[in-house]
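Enquirer: Contents of entry.cif (mmCIF, C-alpha atoms, pLDDT in the B column; chains and numbers go by the auth columns) are below:
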data_work
loop_
_atom_site.group_PDB
_atom_site.id
_atom_site.type_symbol
_atom_site.label_atom_id
_atom_site.label_comp_id
_atom_site.label_asym_id
_atom_site.label_seq_id
_atom_site.Cartn_x
_atom_site.Cartn_y
_atom_site.Cartn_z
_atom_site.B_iso_or_equiv
_atom_site.auth_seq_id
_atom_site.auth_asym_id
ATOM 1 C CA MET A 1 -29.523 -19.307 -48.837 55.00 1 Z
ATOM 2 C CA LYS A 2 -27.441 -16.183 -49.409 59.00 2 Z
ATOM 3 C CA LYS A 3 -29.445 -14.385 -46.686 61.00 3 Z
ATOM 4 C CA LEU A 4 -28.886 -17.271 -44.274 52.00 4 Z
ATOM 5 C CA VAL A 5 -25.110 -17.193 -44.771 51.00 5 Z
ATOM 6 C CA CYS A 6 -25.060 -13.409 -44.269 47.00 6 Z
ATOM 7 C CA ALA A 7 -27.135 -13.750 -41.095 51.00 7 Z
ATOM 8 C CA ILE A 8 -24.777 -16.407 -39.674 57.00 8 Z
ATOM 9 C CA ILE A 9 -21.730 -14.254 -40.450 60.00 9 Z
ATOM 10 C CA ALA A 10 -23.377 -11.265 -38.761 53.00 10 Z
ATOM 11 C CA ILE A 11 -24.220 -13.277 -35.646 59.00 11 Z
ATOM 12 C CA VAL A 12 -20.708 -14.744 -35.415 51.00 12 Z
ATOM 13 C CA SER A 13 -19.236 -11.236 -35.771 55.00 13 Z
ATOM 14 C CA LEU A 14 -21.458 -9.844 -33.035 50.00 14 Z
ATOM 15 C CA VAL A 15 -20.692 -12.715 -30.653 50.00 15 Z
ATOM 16 C CA SER A 16 -16.944 -12.398 -31.189 52.00 16 Z
ATOM 17 C CA CYS A 17 -17.093 -8.621 -30.618 50.00 17 Z
ATOM 18 C CA LYS A 18 -19.098 -9.143 -27.450 48.00 18 Z
ATOM 19 C CA ASN A 19 -16.546 -11.661 -26.126 45.00 19 Z
ATOM 20 C CA GLU A 20 -13.724 -9.225 -26.888 44.00 20 Z
ATOM 21 C CA ASN A 21 -15.487 -6.537 -24.814 44.00 21 Z
ATOM 22 C CA LEU A 22 -15.873 -8.942 -21.907 43.00 22 Z
ATOM 23 C CA LYS A 23 -12.166 -9.733 -21.970 45.00 23 Z
ATOM 24 C CA SER A 24 -11.220 -6.054 -21.694 47.00 24 Z
ATOM 25 C CA GLU A 25 -13.446 -5.592 -18.636 54.00 25 Z
ATOM 26 C CA THR A 26 -11.917 -8.452 -16.638 56.00 26 Z
ATOM 27 C CA VAL A 27 -10.731 -7.186 -13.240 57.00 27 Z
ATOM 28 C CA VAL A 28 -7.486 -8.565 -11.851 64.00 28 Z
ATOM 29 C CA GLU A 29 -7.800 -9.262 -8.144 77.00 29 Z
ATOM 30 C CA GLU A 30 -5.002 -8.081 -5.884 87.00 30 Z
ATOM 31 C CA LYS A 31 -3.323 -10.683 -3.664 94.00 31 Z
ATOM 32 C CA PHE A 32 -2.466 -9.885 -0.064 96.00 32 Z
ATOM 33 C CA SER A 33 -0.789 -11.529 2.919 96.00 33 Z
ATOM 34 C CA VAL A 34 -2.995 -11.170 6.008 97.00 34 Z
ATOM 35 C CA PHE A 35 -1.709 -10.206 9.461 98.00 35 Z
ATOM 36 C CA GLY A 36 -3.942 -9.919 12.531 97.00 36 Z
ATOM 37 C CA ASP A 37 -7.696 -9.906 11.956 97.00 37 Z
ATOM 38 C CA SER A 38 -8.887 -10.899 8.512 95.00 38 Z
ATOM 39 C CA ILE A 39 -9.933 -7.719 6.698 96.00 39 Z
ATOM 40 C CA SER A 40 -10.888 -6.907 3.123 95.00 40 Z
ATOM 41 C CA SER A 41 -9.386 -4.297 0.836 95.00 41 Z
ATOM 42 C CA GLU A 42 -12.812 -2.791 0.109 96.00 42 Z
ATOM 43 C CA GLY A 43 -13.495 0.672 1.467 96.00 43 Z
ATOM 44 C CA ALA A 44 -9.865 1.629 2.090 97.00 44 Z
ATOM 45 C CA ILE A 45 -9.249 5.369 1.837 98.00 45 Z
ATOM 46 C CA THR A 46 -6.117 7.004 0.437 97.00 46 Z
ATOM 47 C CA LYS A 47 -3.227 8.354 2.477 97.00 47 Z
ATOM 48 C CA GLU A 48 -4.286 11.885 1.458 97.00 48 Z
ATOM 49 C CA GLU A 49 -7.783 11.297 2.832 98.00 49 Z
ATOM 50 C CA LEU A 50 -6.342 9.937 6.099 98.00 50 Z
ATOM 51 C CA LEU A 51 -4.088 12.985 6.516 97.00 51 Z
ATOM 52 C CA ALA A 52 -7.132 15.247 6.081 97.00 52 Z
ATOM 53 C CA LYS A 53 -8.928 13.261 8.805 97.00 53 Z
ATOM 54 C CA PHE A 54 -5.890 13.464 11.124 97.00 54 Z
ATOM 55 C CA GLU A 55 -5.821 17.242 10.709 95.00 55 Z
ATOM 56 C CA THR A 56 -9.397 17.489 12.056 95.00 56 Z
ATOM 57 C CA LEU A 57 -8.645 15.440 15.186 95.00 57 Z
ATOM 58 C CA LYS A 58 -7.615 16.774 18.549 92.00 58 Z
ATOM 59 C CA GLU A 59 -5.904 14.869 21.337 90.00 59 Z
ATOM 60 C CA GLY A 60 -8.279 12.251 22.761 92.00 60 Z
ATOM 61 C CA ASP A 61 -10.275 11.800 19.522 95.00 61 Z
ATOM 62 C CA THR A 62 -10.190 8.470 17.697 97.00 62 Z
ATOM 63 C CA ILE A 63 -11.726 7.353 14.421 97.00 63 Z
ATOM 64 C CA GLU A 64 -12.209 3.877 12.970 98.00 64 Z
ATOM 65 C CA VAL A 65 -10.692 3.825 9.503 98.00 65 Z
ATOM 66 C CA LYS A 66 -9.095 1.616 6.860 98.00 66 Z
ATOM 67 C CA PHE A 67 -6.451 3.119 4.611 98.00 67 Z
ATOM 68 C CA ARG A 68 -3.956 2.169 1.902 98.00 68 Z
ATOM 69 C CA SER A 69 -0.389 3.430 1.757 98.00 69 Z
ATOM 70 C CA GLU A 70 3.274 2.449 1.561 98.00 70 Z
ATOM 71 C CA ILE A 71 5.177 1.026 4.529 98.00 71 Z
ATOM 72 C CA LYS A 72 8.128 3.360 5.126 96.00 72 Z
ATOM 73 C CA ASP A 73 9.925 1.316 7.797 95.00 73 Z
ATOM 74 C CA VAL A 74 9.376 -1.538 10.249 95.00 74 Z
ATOM 75 C CA CYS A 75 10.793 -2.276 13.710 92.00 75 Z
ATOM 76 C CA GLN A 76 13.881 -4.337 12.955 91.00 76 Z
ATOM 77 C CA LYS A 77 13.842 -6.233 16.253 90.00 77 Z
ATOM 78 C CA LYS A 78 10.414 -7.916 16.077 93.00 78 Z
ATOM 79 C CA GLY A 79 8.253 -6.102 13.535 93.00 79 Z
ATOM 80 C CA CYS A 80 6.173 -4.685 16.410 93.00 80 Z
ATOM 81 C CA TRP A 81 5.557 -1.277 14.751 93.00 81 Z
ATOM 82 C CA MET A 82 5.793 0.399 11.368 95.00 82 Z
ATOM 83 C CA ASN A 83 5.646 3.861 9.858 94.00 83 Z
ATOM 84 C CA MET A 84 3.361 4.394 6.875 98.00 84 Z
ATOM 85 C CA SER A 85 3.487 7.378 4.575 97.00 85 Z
ATOM 86 C CA LEU A 86 0.817 10.043 4.457 97.00 86 Z
ATOM 87 C CA ALA A 87 0.649 12.975 2.061 91.00 87 Z
ATOM 88 C CA GLU A 88 3.003 15.962 2.343 90.00 88 Z
ATOM 89 C CA ASP A 89 5.993 13.885 3.566 91.00 89 Z
ATOM 90 C CA LYS A 90 4.202 13.025 6.821 95.00 90 Z
ATOM 91 C CA ASN A 91 3.922 9.579 8.381 94.00 91 Z
ATOM 92 C CA THR A 92 1.666 7.715 10.765 96.00 92 Z
ATOM 93 C CA PHE A 93 3.145 5.479 13.458 93.00 93 Z
ATOM 94 C CA VAL A 94 1.313 2.130 13.438 95.00 94 Z
ATOM 95 C CA ARG A 95 1.262 -0.303 16.360 94.00 95 Z
ATOM 96 C CA PHE A 96 -0.657 -3.555 16.566 97.00 96 Z
ATOM 97 C CA LYS A 97 -3.545 -4.292 18.927 96.00 97 Z
ATOM 98 C CA ASP A 98 -2.374 -6.124 22.053 95.00 98 Z
ATOM 99 C CA TYR A 99 0.912 -6.927 20.255 93.00 99 Z
ATOM 100 C CA GLY A 100 -1.122 -9.780 18.795 95.00 100 Z
ATOM 101 C CA PHE A 101 0.786 -9.869 15.497 97.00 101 Z
ATOM 102 C CA PHE A 102 3.936 -8.511 13.907 97.00 102 Z
ATOM 103 C CA MET A 103 5.067 -7.395 10.469 97.00 103 Z
ATOM 104 C CA PRO A 104 7.771 -9.061 8.392 97.00 104 Z
ATOM 105 C CA LEU A 105 11.057 -7.237 8.963 96.00 105 Z
ATOM 106 C CA ASN A 106 11.485 -6.792 5.193 97.00 106 Z
ATOM 107 C CA ALA A 107 8.055 -5.167 4.629 97.00 107 Z
ATOM 108 C CA ALA A 108 9.412 -1.634 4.084 96.00 108 Z
ATOM 109 C CA GLY A 109 8.530 -0.412 0.601 97.00 109 Z
ATOM 110 C CA SER A 110 5.471 -2.662 0.345 98.00 110 Z
ATOM 111 C CA GLU A 111 1.954 -1.390 -0.209 98.00 111 Z
ATOM 112 C CA ALA A 112 -0.389 -2.196 2.670 98.00 112 Z
ATOM 113 C CA ILE A 113 -3.959 -1.743 3.825 98.00 113 Z
ATOM 114 C CA VAL A 114 -4.368 -1.138 7.534 98.00 114 Z
ATOM 115 C CA ASN A 115 -7.583 -1.257 9.570 98.00 115 Z
ATOM 116 C CA GLY A 116 -8.010 0.192 13.047 98.00 116 Z
ATOM 117 C CA LYS A 117 -8.139 3.393 15.066 98.00 117 Z
ATOM 118 C CA ALA A 118 -6.429 6.624 14.080 98.00 118 Z
ATOM 119 C CA PHE A 119 -5.629 9.196 16.761 97.00 119 Z
ATOM 120 C CA VAL A 120 -3.435 12.205 17.461 96.00 120 Z
ATOM 121 C CA SER A 121 -0.798 12.239 20.202 90.00 121 Z
ATOM 122 C CA VAL A 122 0.645 15.481 21.496 88.00 122 Z
ATOM 123 C CA GLU A 123 4.005 15.464 23.289 86.00 123 Z
ATOM 124 C CA THR A 124 4.525 18.569 25.389 91.00 124 Z
ATOM 125 C CA VAL A 125 7.688 20.676 25.266 94.00 125 Z
ATOM 126 C CA GLU A 126 8.583 19.364 28.730 94.00 126 Z
ATOM 127 C CA GLU A 127 8.229 15.730 27.586 88.00 127 Z
ATOM 128 C CA LEU A 128 10.270 16.387 24.456 88.00 128 Z
ATOM 129 C CA LYS A 129 13.038 18.044 26.480 91.00 129 Z
ATOM 130 C CA HIS A 130 13.003 15.106 28.911 87.00 130 Z
ATOM 131 C CA TYR A 131 13.325 12.617 26.017 80.00 131 Z
ATOM 132 C CA ALA A 132 16.159 14.680 24.511 85.00 132 Z
ATOM 133 C CA LYS A 133 17.990 14.726 27.855 86.00 133 Z
ATOM 134 C CA ASP A 134 17.512 10.947 28.235 82.00 134 Z
ATOM 135 C CA ALA A 135 18.884 10.473 24.732 80.00 135 Z
ATOM 136 C CA GLY A 136 22.053 12.361 25.680 88.00 136 Z
ATOM 137 C CA LYS A 137 21.387 15.398 23.468 89.00 137 Z
ATOM 138 C CA SER A 138 23.409 18.560 24.032 94.00 138 Z
ATOM 139 C CA GLN A 139 21.996 21.375 26.155 95.00 139 Z
ATOM 140 C CA ALA A 140 21.754 23.517 23.010 96.00 140 Z
ATOM 141 C CA ALA A 141 19.623 20.824 21.338 93.00 141 Z
ATOM 142 C CA ILE A 142 17.425 20.570 24.436 93.00 142 Z
ATOM 143 C CA ASP A 143 17.003 24.359 24.606 95.00 143 Z
ATOM 144 C CA SER A 144 16.028 24.479 20.914 96.00 144 Z
ATOM 145 C CA ILE A 145 12.820 22.537 21.675 95.00 145 Z
ATOM 146 C CA THR A 146 10.133 25.222 21.894 95.00 146 Z
ATOM 147 C CA GLU A 147 6.958 23.673 20.461 94.00 147 Z
ATOM 148 C CA PRO A 148 4.938 20.559 21.239 92.00 148 Z
ATOM 149 C CA LYS A 149 5.123 17.719 18.735 88.00 149 Z
ATOM 150 C CA ILE A 150 1.933 16.396 17.155 89.00 150 Z
ATOM 151 C CA SER A 151 2.156 12.730 16.149 92.00 151 Z
ATOM 152 C CA TYR A 152 -0.267 10.871 13.931 96.00 152 Z
ATOM 153 C CA SER A 153 -0.767 7.412 15.440 95.00 153 Z
ATOM 154 C CA PHE A 154 -2.665 4.292 14.459 97.00 154 Z
ATOM 155 C CA LEU A 155 -3.641 1.169 16.422 97.00 155 Z
ATOM 156 C CA SER A 156 -4.240 -1.611 13.927 98.00 156 Z
ATOM 157 C CA ASN A 157 -6.249 -4.796 14.339 98.00 157 Z
ATOM 158 C CA GLY A 158 -5.532 -6.098 10.826 98.00 158 Z
ATOM 159 C CA VAL A 159 -3.077 -5.526 7.978 98.00 159 Z
ATOM 160 C CA LEU A 160 -2.986 -6.651 4.367 98.00 160 Z
ATOM 161 C CA ILE A 161 0.392 -6.500 2.613 98.00 161 Z
ATOM 162 C CA LYS A 162 0.276 -6.608 -1.161 95.00 162 Z
ATOM 163 C CA GLU A 163 2.132 -9.597 -2.590 91.00 163 Z
#
I need this file expressed as structure tokens, please.
Expert:
Amino acid sequence: MKKLVCAIIAIVSLVSCKNENLKSETVVEEKFSVFGDSISSEGAITKEELLAKFETLKEGDTIEVKFRSEIKDVCQKKGCWMNMSLAEDKNTFVRFKDYGFFMPLNAAGSEAIVNGKAFVSVETVEELKHYAKDAGKSQAAIDSITEPKISYSFLSNGVLIKE
């Protein structure tokens, strides 16, 4: 009888330890609001990995990619574009495929996952000077433009914003 009681206590102890281990391994699922195409969070790369990919692209190249980062700012008229942070204080300018969806105007500061095409845009010195002139910049400011500007751009077909 003594052996039976010891065996039951041992089994109960093992079962309770096993349940404790299961509790510590429980994964909390993230909740997202979906905009555009329904996408999953799986397979999203980091903003550092996206910057490394951007740096290998030349004008005319595009890559399909999904990445996770923070929304820096959103168009305050309609939510028709947003800037998302990359590493090294750089950003990517995100627009939405066929203007088929828009972001909430208060989304800045939120974490998001964006799916779509990443590409590099290069604005020539002449274009930059033209834009500066159109913006009413001084002649000194226009003359100070001496190098083309490389922009990291993204055309998104789906966005998840973390709730």
Enquirer: Could you produce a table of the residues of region 83-132 of chain Z lying within 12 Å of region 45-65 of chain Z, with the nearest pair of atoms per residue and their separation in Å rounded to one decimal, using only C-alpha atoms, ordered by chain and increasing residue number, as JSON lines?
Expert:
{"residue": "Z:Met84", "atom": "CA", "partner": "Z:Lys47", "partner_atom": "CA", "distance": 8.9}
{"residue": "Z:Ser85", "atom": "CA", "partner": "Z:Lys47", "partner_atom": "CA", "distance": 7.1}
{"residue": "Z:Leu86", "atom": "CA", "partner": "Z:Lys47", "partner_atom": "CA", "distance": 4.8}
{"residue": "Z:Ala87", "atom": "CA", "partner": "Z:Glu48", "partner_atom": "CA", "distance": 5.1}
{"residue": "Z:Glu88", "atom": "CA", "partner": "Z:Glu48", "partner_atom": "CA", "distance": 8.4}
{"residue": "Z:Asp89", "atom": "CA", "partner": "Z:Leu51", "partner_atom": "CA", "distance": 10.5}
{"residue": "Z:Lys90", "atom": "CA", "partner": "Z:Leu51", "partner_atom": "CA", "distance": 8.3}
{"residue": "Z:Asn91", "atom": "CA", "partner": "Z:Leu51", "partner_atom": "CA", "distance": 8.9}
{"residue": "Z:Thr92", "atom": "CA", "partner": "Z:Leu51", "partner_atom": "CA", "distance": 8.9}
{"residue": "Z:Glu111", "atom": "CA", "partner": "Z:Lys47", "partner_atom": "CA", "distance": 11.4}
{"residue": "Z:Ala112", "atom": "CA", "partner": "Z:Lys47", "partner_atom": "CA", "distance": 10.9}
{"residue": "Z:Ile113", "atom": "CA", "partner": "Z:Ile45", "partner_atom": "CA", "distance": 9.1}
{"residue": "Z:Val114", "atom": "CA", "partner": "Z:Val65", "partner_atom": "CA", "distance": 8.3}
{"residue": "Z:Asn115", "atom": "CA", "partner": "Z:Val65", "partner_atom": "CA", "distance": 6.0}
{"residue": "Z:Gly116", "atom": "CA", "partner": "Z:Glu64", "partner_atom": "CA", "distance": 5.6}
{"residue": "Z:Lys117", "atom": "CA", "partner": "Z:Glu64", "partner_atom": "CA", "distance": 4.6}
{"residue": "Z:Ala118", "atom": "CA", "partner": "Z:Ile63", "partner_atom": "CA", "distance": 5.4}
{"residue": "Z:Phe119", "atom": "CA", "partner": "Z:Thr62", "partner_atom": "CA", "distance": 4.7}
{"residue": "Z:Val120", "atom": "CA", "partner": "Z:Glu59", "partner_atom": "CA", "distance": 5.3}
{"residue": "Z:Ser121", "atom": "CA", "partner": "Z:Glu59", "partner_atom": "CA", "distance": 5.9}
{"residue": "Z:Val122", "atom": "CA", "partner": "Z:Glu59", "partner_atom": "CA", "distance": 6.6}
{"residue": "Z:Glu123", "atom": "CA", "partner": "Z:Glu59", "partner_atom": "CA", "distance": 10.1}
{"residue": "Z:Thr124", "atom": "CA", "partner": "Z:Glu59", "partner_atom": "CA", "distance": 11.8}
Enquirer: Using the chain letters and numbers from the file, which residues does the PyMOL selection byres ((chain Z and resi 70-77) around 7) grab, as a list in words?
Expert: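 Output of the PyMOL selection byres ((chain Z and resi 70-77) around 7): Ser69, Lys78, Gly79, Cys80, Trp81, Met82, Asn83, Met84, Ser85, Leu105, Ala107, Ala108, Gly109, Ser110, Glu111 and Ala112 of chain Z.
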Enquirer: Between CA of Phe35 (chain Z) and CA of Phe101 (chain Z), what is the distance in Å, rounded to a tenth?
Expert: 6.5 Å
Enquirer: Which residue gives the smallest distance to Thr146 (chain Z) among Z:Asp98, Z:Glu42, Z:Asp37, Z:Glu127, with all atoms listed in the file counted?
Expert: Z:Glu127
Enquirer: Distance cut-off 12 Å, centre (17.6, 23.0, 24.5) in file coordinates, counting all atoms listed in the file: which residues qualify? Return them as a ChimeraX atom specification.
Expert: /Z:125-126,128-133,136-147
Enquirer: Quick one: pull the distance between CA of Asp134 (chain Z) and CA of Phe154 (chain Z), Å, one decimal.
Expert: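 Calculated distance between CA of Asp134 (chain Z) and CA of Phe154 (chain Z) is 25.3 Å.
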Enquirer: Tell me, in Å to one decimal, how far CA of Leu160 (chain Z) is from CA of Lys31 (chain Z).
Expert: 9.0 Å
Enquirer: Identify which of the residues Z:Arg95, Z:Ile39, Z:Asn106, Z:Gly100 lies closest to Ser153 (chain Z), counting all atoms listed in the file when measuring atom-to-atom distances.
Expert: Z:Arg95
Enquirer: Using the file's own x, y and z axes, so that the box edges lie along x, y and z, what centre and edge lengths in Å (one decimal) does a box around every listed atom of region 116-128 of chain Z get when 3 Å is added on each side? Give it as AutoDock Vina command-line options.
Expert:
--center_x 1.1 --center_y 10.4 --center_z 20.9 --size_x 24.4 --size_y 26.5 --size_z 21.7
